[in-house]
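Peer 1: There's a structure below that I have some questions on.
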Amino acid sequence: MSDTSLSIGRIGDLANPTRFLALAGRLLPWLAGLTLLVAVIGLWMSFEAPEDYQQGATIRIMFIHVPSAWLAMMCYTVMAASAIGTLVWRHPLADVSARAAAPIGAAFTVLALVTGSLWGKPMWGTWWVWDARLTSVFVLLLMYLGLIALQRAMDDPTKSARLSAILILVGFINIPIIKFSVDWWNTLHQPASVVRLDGPTIHPSMLYPLLVMAVAFTLLFFTLHLAAMRNEIWRRRVAALRRQVARQAA
C-alpha cells in the first residue's frame with residue numbers, strides 16, 4: 001500500500017465520530033496545557049512591553065483586541081471550510097465543526113468589539129463610530145448570531161446543515177471586506193500594521209508580545225473548538241437515542 005493511500009486512510013478514520021472522540025480526548029489535555037503556558041508567557045510579555053509615546057498604557061489593549069479580531073475572522077474561515085465539506089464531500093463531522101465554531105466565533109467578535117470600544121474612547125473621543133471596519137465587524141457578529149439561531153431553530157439536522165452551509169459561504173464575502181476595509185475606504189481605524197507587504201510597522205518590543213498572544217488565542221480557539229465538537233457529537237447521540245426511545249414508546 002502506498003504512502004498516499006495510508007494518508008487517505010488516516011484522514012478517513014477521523015470521519016468516524018467514535019475515533020474522533022478518542023483522538024479529542026487524548027489531545028485536549030495537552031492542547032489546554034499548551035494554551036495556558038503560551039497565554040501566561042504572552043501576558044507577561046504584554047505587561048513588560050513599553051508604553052506608547054502617544055497612547056500610553058492604553059496600548060496594552062492591543063494585545064487582547066487584535067488577536068480577538070484575527071480569531072473572529074479565522075473562526076468564520078474555519079466555518080466556511082466546514083461548509084464546503086458539508087456541501088461537497090458531505091463529511092460527517094463538517095457540520096459538527098461549523099456548529100461548534102459559531103458560538104466561539106461570536107465570543108471572539110464580541111471581545112474584539114468591546115476592547116475596540118475601550119481603546120477607541122481615549123483615542124477617538126467616542127466609544128463607537130460607524131466606519132467601514134467597525135461596521136463590517138458588527139455585521140460579522142450578526143452573522144454569527146443568525147447562524148446560531150438558525151441551527152437551533154431547525155429540527156431536521158440534514159436541512160439545517162445544508163442551509164447553514166449555504167449561508168456561511170454567502171456570508172464569507174464579509175471577511176475580505178473586514179480585512180481590506182481600512183485600505184478601500186477612509187476610516188478612523190488605523191491601517192494594517194502587522195500583515196503588510198513591506199513588513200510590520202510595529203516596534204519589535206510590541207510586535208513580539210502581540211504575536212505570542214495571537215498564538216495563545218489561536219491555541220485557545222482550537223482547544224475550545226475541539227471540546228465543543230466533542231460535546232456536539234455527544235449531544236447528537238443523546239438526541240438520536242431520545243428519538244429512538246420515543247418511536248419505540250409510540
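Following the order of the C-alpha cells, chains are lettered A, B, ..., residues in each are numbered from 1, and ligands are numbered from 1.
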Skip region 103-105 of chain A itself and residues of its chain fewer than 3 positions away, then list as an NGL selection string all residues within 8 Å of it, counting only C-alpha atoms.
Peer 2: :A and (71-73 or 75-76 or 99-100 or 108-109 or 144-145 or 148 or 221 or 224-225)
Peer 1: List the spatial neighbours of Arg230 (chain A) as a list in words - criterion: any atom at most 9 Å away, only C-alpha atoms, same-chain residues fewer than 6 positions off excluded.
Peer 2: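 In the requested format, the answer is Pro17, Phe20, Leu21, Ala24, Gly25, Val96 and Ala100 of chain A.
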Peer 1: Given the selection you just returned, output its residues as a file containing C-alpha atoms, formatted as an mmCIF file, in the first residue's frame.
Peer 2:
```cif
data_model
loop_
_atom_site.group_PDB
_atom_site.id
_atom_site.type_symbol
_atom_site.label_atom_id
_atom_site.label_comp_id
_atom_site.auth_asym_id
_atom_site.auth_seq_id
_atom_site.Cartn_x
_atom_site.Cartn_y
_atom_site.Cartn_z
ATOM 1 C CA PRO A 17 -17.139 10.165 15.241
ATOM 2 C CA PHE A 20 -12.622 11.416 16.604
ATOM 3 C CA LEU A 21 -13.893 11.371 20.201
ATOM 4 C CA ALA A 24 -10.023 14.557 21.013
ATOM 5 C CA GLY A 25 -9.879 13.013 24.470
ATOM 6 C CA VAL A 96 -20.375 19.431 13.662
ATOM 7 C CA ALA A 100 -19.330 24.133 17.271
#
```
Peer 1: Extract, using only C-alpha atoms, all DNA, RNA and protein residues at most 12 Å from Gly146 (chain A), discarding same-chain residues fewer than 4 positions from it, and format them as a list in words.
Peer 2: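 So the residues in contact are Arg99, Ala102, Pro103, Ala106, Val139, Leu140, Leu141, Leu142, Leu150, Gln151, Arg152, Ala153, Ser164, Leu167, Ile168 and Gly171 of chain A.
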Peer 1: For those residues, write N, CA, C and O atoms to a file as a short mmCIF file (atom, residue, chain, number, x, y, z; two decimals), in the first residue's frame.
Peer 2:
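Okay, selection_37.cif is ready:
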```
data_model
loop_
_atom_site.label_atom_id
_atom_site.label_comp_id
_atom_site.auth_asym_id
_atom_site.auth_seq_id
_atom_site.Cartn_x
_atom_site.Cartn_y
_atom_site.Cartn_z
N ARG A 99 -21.06 24.05 13.44
CA ARG A 99 -21.97 24.35 14.55
C ARG A 99 -21.20 24.65 15.83
O ARG A 99 -21.58 25.53 16.60
N ALA A 102 -19.43 28.34 15.69
CA ALA A 102 -20.22 29.58 15.65
C ALA A 102 -20.25 30.32 16.99
O ALA A 102 -19.96 31.53 17.03
N PRO A 103 -20.57 29.68 18.11
CA PRO A 103 -20.56 30.44 19.38
C PRO A 103 -19.18 30.95 19.77
O PRO A 103 -19.05 32.03 20.36
N ALA A 106 -18.55 34.00 17.72
CA ALA A 106 -19.34 35.13 18.24
C ALA A 106 -18.68 35.72 19.48
O ALA A 106 -18.65 36.95 19.65
N VAL A 139 -21.37 43.49 11.55
CA VAL A 139 -22.13 42.61 10.65
C VAL A 139 -21.70 41.16 10.85
O VAL A 139 -22.54 40.24 10.82
N LEU A 140 -20.40 40.94 11.07
CA LEU A 140 -19.91 39.58 11.33
C LEU A 140 -20.57 39.00 12.58
O LEU A 140 -20.96 37.83 12.60
N LEU A 141 -20.70 39.82 13.62
CA LEU A 141 -21.36 39.35 14.84
C LEU A 141 -22.81 38.97 14.56
O LEU A 141 -23.29 37.93 15.04
N LEU A 142 -23.51 39.79 13.79
CA LEU A 142 -24.90 39.48 13.44
C LEU A 142 -24.99 38.18 12.64
O LEU A 142 -25.94 37.40 12.81
N LEU A 150 -30.43 29.97 13.60
CA LEU A 150 -30.93 29.07 12.57
C LEU A 150 -30.66 27.61 12.93
O LEU A 150 -31.54 26.75 12.80
N GLN A 151 -29.45 27.34 13.39
CA GLN A 151 -29.09 25.96 13.73
C GLN A 151 -29.94 25.41 14.87
O GLN A 151 -30.25 24.22 14.90
N ARG A 152 -30.33 26.26 15.78
CA ARG A 152 -31.12 25.80 16.92
C ARG A 152 -32.62 25.78 16.63
O ARG A 152 -33.38 25.15 17.35
N ALA A 153 -33.03 26.49 15.57
CA ALA A 153 -34.46 26.58 15.27
C ALA A 153 -34.95 25.41 14.44
O ALA A 153 -36.14 25.06 14.52
N SER A 164 -27.39 26.03 6.58
CA SER A 164 -26.35 26.76 7.31
C SER A 164 -25.08 26.87 6.47
O SER A 164 -24.44 27.92 6.43
N LEU A 167 -25.52 29.57 3.77
CA LEU A 167 -25.48 30.91 4.34
C LEU A 167 -24.07 31.28 4.79
O LEU A 167 -23.64 32.44 4.66
N ILE A 168 -23.33 30.31 5.32
CA ILE A 168 -21.96 30.58 5.74
C ILE A 168 -21.11 31.00 4.54
O ILE A 168 -20.34 31.97 4.61
N GLY A 171 -22.04 34.45 3.37
CA GLY A 171 -21.55 35.46 4.29
C GLY A 171 -20.05 35.62 4.31
O GLY A 171 -19.54 36.62 4.85
#
```
Peer 1: Pick out the closest residue to Phe222 (chain A) from this set: A:Arg19, A:Thr77, A:Met62, A:Ala101. Count only C-alpha atoms.
Peer 2: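 Selected residue with least distance to Phe222 (chain A): A:Ala101.
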Peer 1: Of the candidates A:Trp70, A:Trp184, A:Trp128, A:Trp89, which one gets nearest to Ala216 (chain A) if we count only C-alpha atoms?
Peer 2: A:Trp70
Peer 1: Between A:Ser68, A:Gln248, A:Thr218, A:Ser117, which one has atoms that come closest to Ala32 (chain A), using only C-alpha atoms?
Peer 2: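 Among the listed residues, the smallest separation from Ala32 (chain A) belongs to A:Thr218.
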Peer 1: Quick one: pull the distance between CA of Phe217 (chain A) and CA of Val66 (chain A), Å, one decimal.
Peer 2: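 Computed distance, CA of Phe217 (chain A) to CA of Val66 (chain A), equals 10.2 Å.
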